[in-house]
$ cat coords_16.txt   # compact mmCIF, C-alpha atoms
# COMPACT_ATOMS: atom_id res chain seq x y z
CA MET A 1 10.70 -29.25 -7.09
CA SER A 2 14.02 -27.51 -7.56
CA GLY A 3 14.74 -24.05 -6.26
CA ALA A 4 14.69 -22.21 -9.58
CA ILE A 5 11.31 -23.63 -10.62
CA PHE A 6 9.81 -22.77 -7.21
CA LEU A 7 11.18 -19.23 -7.52
CA ALA A 8 9.69 -18.82 -11.03
CA TRP A 9 6.28 -20.08 -9.88
CA SER A 10 6.24 -17.86 -6.79
CA ILE A 11 7.23 -14.81 -8.90
CA ASP A 12 4.31 -15.51 -11.25
CA ILE A 13 1.82 -16.05 -8.41
CA SER A 14 2.85 -12.93 -6.52
CA PHE A 15 2.70 -10.95 -9.79
CA VAL A 16 -0.92 -12.04 -10.35
CA ALA A 17 -1.75 -11.25 -6.71
CA LEU A 18 -0.27 -7.77 -7.04
CA MET A 19 -2.25 -7.08 -10.22
CA LEU A 20 -5.45 -8.25 -8.50
CA ALA A 21 -4.80 -5.96 -5.52
CA LEU A 22 -4.12 -3.04 -7.90
CA VAL A 23 -7.44 -3.69 -9.66
CA LEU A 24 -9.29 -3.79 -6.31
CA ALA A 25 -7.67 -0.50 -5.21
CA PHE A 26 -8.57 1.04 -8.57
CA ILE A 27 -12.20 -0.03 -8.14
CA ARG A 28 -12.19 1.83 -4.80
CA LEU A 29 -10.56 4.84 -6.48
CA ALA A 30 -13.24 4.95 -9.19
CA LYS A 31 -16.19 4.14 -6.93
CA GLY A 32 -15.34 5.81 -3.60
CA PRO A 33 -18.30 7.76 -2.20
CA THR A 34 -16.20 10.58 -0.71
CA LEU A 35 -13.00 12.30 -1.77
CA ALA A 36 -11.15 10.81 1.22
CA ASP A 37 -11.96 7.31 -0.07
CA ARG A 38 -10.33 8.15 -3.38
CA VAL A 39 -7.22 9.51 -1.62
CA VAL A 40 -6.95 6.29 0.40
CA GLY A 41 -7.25 4.24 -2.80
CA LEU A 42 -4.57 6.32 -4.52
CA ASP A 43 -2.22 5.94 -1.53
CA MET A 44 -2.72 2.19 -1.62
CA MET A 45 -2.00 2.08 -5.37
CA THR A 46 1.28 3.97 -4.81
CA THR A 47 2.40 1.44 -2.19
CA LEU A 48 1.45 -1.39 -4.55
CA ILE A 49 3.50 0.17 -7.37
CA VAL A 50 6.51 0.26 -5.00
CA VAL A 51 5.96 -3.47 -4.34
CA PHE A 52 5.64 -4.03 -8.10
CA CYS A 53 9.04 -2.39 -8.67
CA GLY A 54 10.57 -4.77 -6.10
CA VAL A 55 9.08 -7.84 -7.79
CA PHE A 56 10.10 -6.58 -11.23
CA SER A 57 13.71 -6.06 -10.09
CA ILE A 58 13.78 -9.78 -9.25
CA ILE A 59 12.17 -10.74 -12.58
CA ALA A 60 14.51 -8.57 -14.67
CA ASN A 61 17.53 -9.44 -12.47
CA ASP A 62 18.32 -5.73 -12.40
CA ARG A 63 18.76 -3.78 -9.19
CA THR A 64 18.15 -0.39 -10.86
CA PHE A 65 14.41 -0.83 -10.34
CA LEU A 66 14.91 -0.47 -6.58
CA ASP A 67 15.91 3.17 -7.20
CA VAL A 68 12.65 3.57 -9.13
CA ALA A 69 10.80 2.13 -6.13
CA LEU A 70 12.47 4.64 -3.79
CA VAL A 71 11.52 7.60 -6.00
CA VAL A 72 7.94 6.36 -6.39
CA ALA A 73 7.66 6.05 -2.60
CA LEU A 74 8.87 9.65 -2.16
CA ILE A 75 6.51 11.09 -4.79
CA GLY A 76 3.58 9.04 -3.47
CA PHE A 77 4.03 10.44 0.03
CA LEU A 78 4.11 13.99 -1.34
CA ALA A 79 0.97 13.35 -3.43
CA THR A 80 -0.93 11.92 -0.47
CA VAL A 81 -0.03 14.83 1.81
CA ALA A 82 -0.94 17.36 -0.88
CA LEU A 83 -4.31 15.72 -1.55
CA ALA A 84 -5.15 15.51 2.17
CA ARG A 85 -4.33 19.21 2.62
CA PHE A 86 -6.43 19.99 -0.48
CA VAL A 87 -9.45 18.24 1.05
CA GLU A 88 -9.09 20.21 4.28
CA ARG A 89 -8.48 23.53 2.55
CA ARG A 90 -11.53 23.11 0.32
CA LEU A 91 -13.65 22.63 3.45
CA ASN A 92 -12.15 25.75 5.07
CA ARG A 93 -12.86 27.83 1.97
CA ARG A 94 -16.46 26.62 1.84
CA ASN A 95 -16.95 27.57 5.52
CA ARG A 96 -15.51 31.01 4.92
CA GLU A 97 -17.83 31.62 1.96
CA GLU A 98 -20.82 30.62 4.04
CA GLN A 99 -19.83 33.06 6.80
CA SER A 100 -19.33 36.03 4.50
CA MET B 1 18.23 -22.56 -0.50
CA SER B 2 18.07 -18.79 -1.05
CA ASP B 3 15.65 -19.44 -3.93
CA TYR B 4 13.19 -21.05 -1.53
CA ILE B 5 13.50 -18.18 0.98
CA THR B 6 12.97 -15.62 -1.82
CA GLY B 7 9.95 -17.50 -3.12
CA ILE B 8 8.32 -17.81 0.29
CA LEU B 9 8.87 -14.10 1.03
CA LEU B 10 7.40 -13.18 -2.39
CA LEU B 11 4.35 -15.41 -1.88
CA THR B 12 3.70 -13.90 1.57
CA GLY B 13 4.05 -10.39 0.14
CA GLY B 14 1.58 -11.12 -2.68
CA PHE B 15 -0.87 -12.68 -0.24
CA LEU B 16 -0.73 -9.59 1.99
CA ALA B 17 -1.22 -7.36 -1.06
CA ILE B 18 -4.42 -9.28 -1.92
CA ILE B 19 -5.58 -8.95 1.70
CA ALA B 20 -4.97 -5.19 1.56
CA GLY B 21 -6.90 -4.93 -1.72
CA LEU B 22 -9.84 -6.91 -0.37
CA GLY B 23 -9.85 -4.81 2.80
CA ILE B 24 -9.83 -1.53 0.90
CA LEU B 25 -12.73 -2.72 -1.23
CA ARG B 26 -14.91 -4.50 1.35
CA LEU B 27 -14.50 -2.60 4.64
CA PRO B 28 -17.40 -0.28 5.47
CA ASP B 29 -15.87 3.13 6.23
CA VAL B 30 -13.01 5.48 5.27
CA LEU B 31 -11.48 5.33 8.73
CA VAL B 32 -11.58 1.52 8.68
CA ARG B 33 -10.33 1.24 5.09
CA MET B 34 -7.16 3.14 6.02
CA HIS B 35 -6.13 0.23 8.24
CA ALA B 36 -6.00 -2.15 5.26
CA SER B 37 -4.13 0.31 3.06
CA THR B 38 -1.46 1.34 5.58
CA LYS B 39 -0.76 -1.78 7.65
CA ALA B 40 -1.12 -4.66 5.19
CA GLY B 41 0.28 -2.62 2.30
CA THR B 42 3.40 -1.57 4.22
CA LEU B 43 4.01 -5.12 5.46
CA SER B 44 3.68 -6.41 1.89
CA ALA B 45 6.26 -3.87 0.70
CA GLY B 46 8.63 -4.89 3.51
CA LEU B 47 8.36 -8.58 2.65
CA VAL B 48 8.97 -8.02 -1.07
CA MET B 49 11.99 -5.81 -0.34
CA ALA B 50 13.31 -8.56 1.96
CA ALA B 51 12.85 -10.98 -0.95
CA ALA B 52 14.89 -8.67 -3.22
CA ILE B 53 17.62 -8.40 -0.57
CA VAL B 54 17.83 -12.20 -0.22
CA TYR B 55 17.77 -12.66 -4.01
CA PHE B 56 20.60 -10.24 -4.84
CA TRP B 57 22.50 -10.61 -1.54
CA GLU B 58 24.71 -7.54 -1.98
CA LEU B 59 25.47 -4.66 0.33
CA GLU B 60 24.06 -1.90 -1.90
CA VAL B 61 20.79 -3.77 -2.41
CA LEU B 62 20.62 -4.24 1.36
CA PHE B 63 21.04 -0.49 1.87
CA ARG B 64 18.45 0.38 -0.76
CA GLY B 65 15.92 -2.11 0.55
CA ALA B 66 16.38 -0.91 4.12
CA LEU B 67 16.02 2.69 2.92
CA ILE B 68 12.77 1.95 1.04
CA VAL B 69 11.22 0.01 3.92
CA GLY B 70 12.33 2.57 6.51
CA PHE B 71 10.95 5.40 4.42
CA LEU B 72 7.61 3.65 3.91
CA MET B 73 7.32 2.86 7.62
CA LEU B 74 8.18 6.49 8.44
CA THR B 75 5.73 8.10 6.01
CA ALA B 76 2.73 5.73 6.07
CA PRO B 77 1.57 6.80 9.59
CA VAL B 78 2.00 10.49 8.73
CA ALA B 79 0.02 10.16 5.50
CA ALA B 80 -2.68 8.07 7.18
CA HIS B 81 -2.96 10.63 10.00
CA MET B 82 -3.42 13.48 7.51
CA ILE B 83 -6.04 11.58 5.47
CA GLY B 84 -7.88 10.58 8.63
CA ARG B 85 -7.94 14.14 9.95
CA ALA B 86 -9.19 15.45 6.59
CA ALA B 87 -11.88 12.75 6.42
CA LEU B 88 -13.03 13.45 9.97
CA ARG B 89 -13.26 17.18 9.34
CA THR B 90 -15.22 16.69 6.12
CA GLY B 91 -17.78 14.74 8.10
CA ALA B 92 -16.91 11.03 8.00
CA ALA B 93 -18.38 9.68 11.20
CA PRO B 94 -16.76 6.58 12.68
CA ASP B 95 -18.90 3.53 12.03
CA THR B 96 -20.17 2.15 15.34
CA ARG B 97 -21.92 -0.93 14.00
CA ASP B 98 -21.04 -4.26 15.58
CA LEU B 99 -19.16 -6.11 12.82
CA THR B 100 -18.82 -9.49 14.56
CA ARG B 101 -20.71 -12.39 13.02
CA ASN B 102 -22.55 -13.47 16.19
CA PRO B 103 -22.79 -10.47 18.52
CA ARG B 104 -23.21 -11.38 22.14
CA GLN B 105 -26.39 -9.99 23.59
$ encode --input "coords_16.txt" --output "structure tokens"
Amino acid sequence: MSGAIFLAWSIDISFVALMLALVLAFIRLAKGPTLADRVVGLDMMTTLIVVFCGVFSIIANDRTFLDVALVVALIGFLATVALARFVERRLNRRNREEQS
Amino acid sequence: MSDYITGILLLTGGFLAIIAGLGILRLPDVLVRMHASTKAGTLSAGLVMAAAIVYFWELEVLFRGALIVGFLMLTAPVAAHMIGRAALRTGAAPDTRDLTRNPRQ
């Protein structure tokens, strides 16, 4: 098997694996019993989209998609931190309403 | 030769992504599920970025890949710590079941 054919096959296989992992993380996002489960699933999906951008830059032979991956990683971190703080703040507000 | 290295790195990254997905779906608890999402997911991202670096083999791609992987490795523990603290405060108790197949008596 020559190098180019092996590379094409491994790109296809890793693409399918990434899509499967995205579907599994989405099932956790839709199903998750608590809000923290959903935040974990969303964080995982962001990391997988960064990986997807890396694979797609190899498929398209275009290194611009690596910039997209960097920006998605930045925004995903901000979203995760904001959601985690939202979960905590909602709990604090509920405690304060019970006290008053 | 670089095609084979790229392919093997891509296959390992996809395999780790599937492991992370299975872990996030099948593990029993929020605090356990975070392990799959942060560790296996970050390692998968690192392997795929290494594949891109080997495939393009240029200095700017090397810088960008190193930046992405370094940023992910810097932020994944912080994000996981914040989610874990929020989950613990909203009442997710750590699961203390014995998860081994044949627990020793």
$ closest_residue --input "coords_16.txt" --among "B:Leu72, B:Met1, B:Leu10, B:Ile83" --to "B:Ala52" --atoms "all atoms listed in the file"
B:Leu10
$ closest_residue --input "coords_16.txt" --among "B:Ala36, B:Val30, B:Ile53, B:Val48" --to "B:Gly84" --atoms "only C-alpha atoms"
B:Val30
$ residues_around --input "coords_16.txt" --residues "B:Arg85" --least-positions-apart "5" --cutoff "9 Å" --atoms "only C-alpha atoms" --output "PyMOL selection string"
(chain A and resi 84+88) or (chain B and resi 80+90)
$ interface_residues --input "coords_16.txt" --of "chain A" --to "chain B" --cutoff "7 Å" --atoms "all atoms listed in the file" --output "PyMOL selection string"
chain A and resi 3-4+6-7+10-11+14+17-18+20-21+24-25+28+36-37+40+44+47+51+54-55+58+66+70+73+77+80-81+84+87-88+91
$ closest_residue --input "coords_16.txt" --among "A:Leu29, A:Phe15, A:Ile49, A:Leu42" --to "A:Ala79" --atoms "only C-alpha atoms"
A:Leu42
$ closest_residue --input "coords_16.txt" --among "A:Thr34, A:Arg63, A:Val71, A:Glu98" --to "B:Trp57" --atoms "all atoms listed in the file"
A:Arg63
$ atom_distance --input "coords_16.txt" --atom1 "atom CA of A:Val39" --atom2 "atom CA of A:Leu83"
6.9 Å
$ decode --input "coords_16.txt" --residues "chain A" --atoms "C-alpha atoms" --output "CSV table (one decimal), in the first residue's frame"
chain,number,residue,atom,x,y,z
A,1,MET,CA,0.0,0.0,0.0
A,2,SER,CA,1.5,3.3,-1.0
A,3,GLY,CA,1.8,6.3,1.2
A,4,ALA,CA,-0.9,8.4,-0.4
A,5,ILE,CA,-3.5,5.7,-0.3
A,6,PHE,CA,-2.8,4.9,3.3
A,7,LEU,CA,-3.1,8.6,4.1
A,8,ALA,CA,-6.4,8.9,2.3
A,9,TRP,CA,-7.8,5.8,4.2
A,10,SER,CA,-6.6,7.0,7.6
A,11,ILE,CA,-8.1,10.5,6.9
A,12,ASP,CA,-11.5,8.8,6.1
A,13,ILE,CA,-11.3,6.5,9.2
A,14,SER,CA,-10.4,9.2,11.6
A,15,PHE,CA,-13.2,11.4,10.1
A,16,VAL,CA,-15.8,8.7,10.8
A,17,ALA,CA,-14.4,8.2,14.3
A,18,LEU,CA,-14.6,12.0,15.0
A,19,MET,CA,-18.2,12.1,13.8
A,20,LEU,CA,-19.1,9.1,16.0
A,21,ALA,CA,-17.5,10.8,19.1
A,22,LEU,CA,-19.4,14.0,18.3
A,23,VAL,CA,-22.7,12.1,18.2
A,24,LEU,CA,-21.9,10.3,21.5
A,25,ALA,CA,-21.1,13.7,23.2
A,26,PHE,CA,-24.3,15.2,21.7
A,27,ILE,CA,-26.3,12.3,23.2
A,28,ARG,CA,-24.8,13.2,26.6
A,29,LEU,CA,-25.6,16.8,26.0
A,30,ALA,CA,-29.2,16.0,25.2
A,31,LYS,CA,-29.7,13.4,27.9
A,32,GLY,CA,-27.6,14.6,30.8
A,33,PRO,CA,-29.4,14.3,34.1
A,34,THR,CA,-27.9,17.5,35.6
A,35,LEU,CA,-26.8,20.8,34.2
A,36,ALA,CA,-23.1,20.0,34.9
A,37,ASP,CA,-23.4,16.9,32.7
A,38,ARG,CA,-24.5,19.1,29.8
A,39,VAL,CA,-21.7,21.5,30.4
A,40,VAL,CA,-19.2,18.6,30.3
A,41,GLY,CA,-20.7,17.4,27.0
A,42,LEU,CA,-20.5,20.9,25.5
A,43,ASP,CA,-16.9,21.2,26.5
A,44,MET,CA,-16.1,17.8,24.9
A,45,MET,CA,-17.9,18.9,21.7
A,46,THR,CA,-15.8,22.0,21.5
A,47,THR,CA,-12.6,20.0,21.8
A,48,LEU,CA,-13.8,17.7,19.1
A,49,ILE,CA,-14.6,20.6,16.8
A,50,VAL,CA,-11.0,21.8,17.3
A,51,VAL,CA,-9.8,18.3,16.3
A,52,PHE,CA,-12.2,18.4,13.3
A,53,CYS,CA,-10.6,21.6,12.1
A,54,GLY,CA,-7.2,20.0,12.2
A,55,VAL,CA,-8.3,17.0,10.2
A,56,PHE,CA,-10.1,19.2,7.7
A,57,SER,CA,-7.0,21.3,7.2
A,58,ILE,CA,-5.2,18.1,6.1
A,59,ILE,CA,-8.2,17.1,3.8
A,60,ALA,CA,-8.5,20.6,2.2
A,61,ASN,CA,-4.6,21.0,2.1
A,62,ASP,CA,-5.2,24.5,3.5
A,63,ARG,CA,-3.5,25.7,6.7
A,64,THR,CA,-6.0,28.5,7.3
A,65,PHE,CA,-8.3,26.1,9.1
A,66,LEU,CA,-5.7,25.9,11.9
A,67,ASP,CA,-6.5,29.6,12.7
A,68,VAL,CA,-10.2,28.6,12.9
A,69,ALA,CA,-9.2,25.8,15.3
A,70,LEU,CA,-7.3,28.3,17.5
A,71,VAL,CA,-10.3,30.7,17.7
A,72,VAL,CA,-12.7,27.8,18.4
A,73,ALA,CA,-10.5,26.7,21.3
A,74,LEU,CA,-10.5,30.2,22.7
A,75,ILE,CA,-14.2,30.7,22.5
A,76,GLY,CA,-14.9,27.2,23.9
A,77,PHE,CA,-12.8,27.9,27.0
A,78,LEU,CA,-14.7,31.2,27.5
A,79,ALA,CA,-18.1,29.4,27.1
A,80,THR,CA,-17.2,26.6,29.5
A,81,VAL,CA,-16.0,29.1,32.2
A,82,ALA,CA,-19.1,31.2,31.7
A,83,LEU,CA,-21.5,28.2,32.0
A,84,ALA,CA,-19.7,26.8,35.1
A,85,ARG,CA,-20.0,30.2,36.8
A,86,PHE,CA,-23.7,30.4,35.8
A,87,VAL,CA,-24.3,27.0,37.5
A,88,GLU,CA,-22.7,28.2,40.7
A,89,ARG,CA,-24.4,31.6,40.6
A,90,ARG,CA,-27.8,30.1,40.1
A,91,LEU,CA,-27.2,28.0,43.2
A,92,ASN,CA,-26.1,31.1,45.3
A,93,ARG,CA,-29.2,33.0,44.2
A,94,ARG,CA,-31.5,30.1,45.2
A,95,ASN,CA,-29.9,29.9,48.6
A,96,ARG,CA,-30.3,33.7,49.1
A,97,GLU,CA,-34.0,33.5,48.2
A,98,GLU,CA,-34.5,30.7,50.7
A,99,GLN,CA,-32.9,32.7,53.5
A,100,SER,CA,-34.9,35.9,52.9
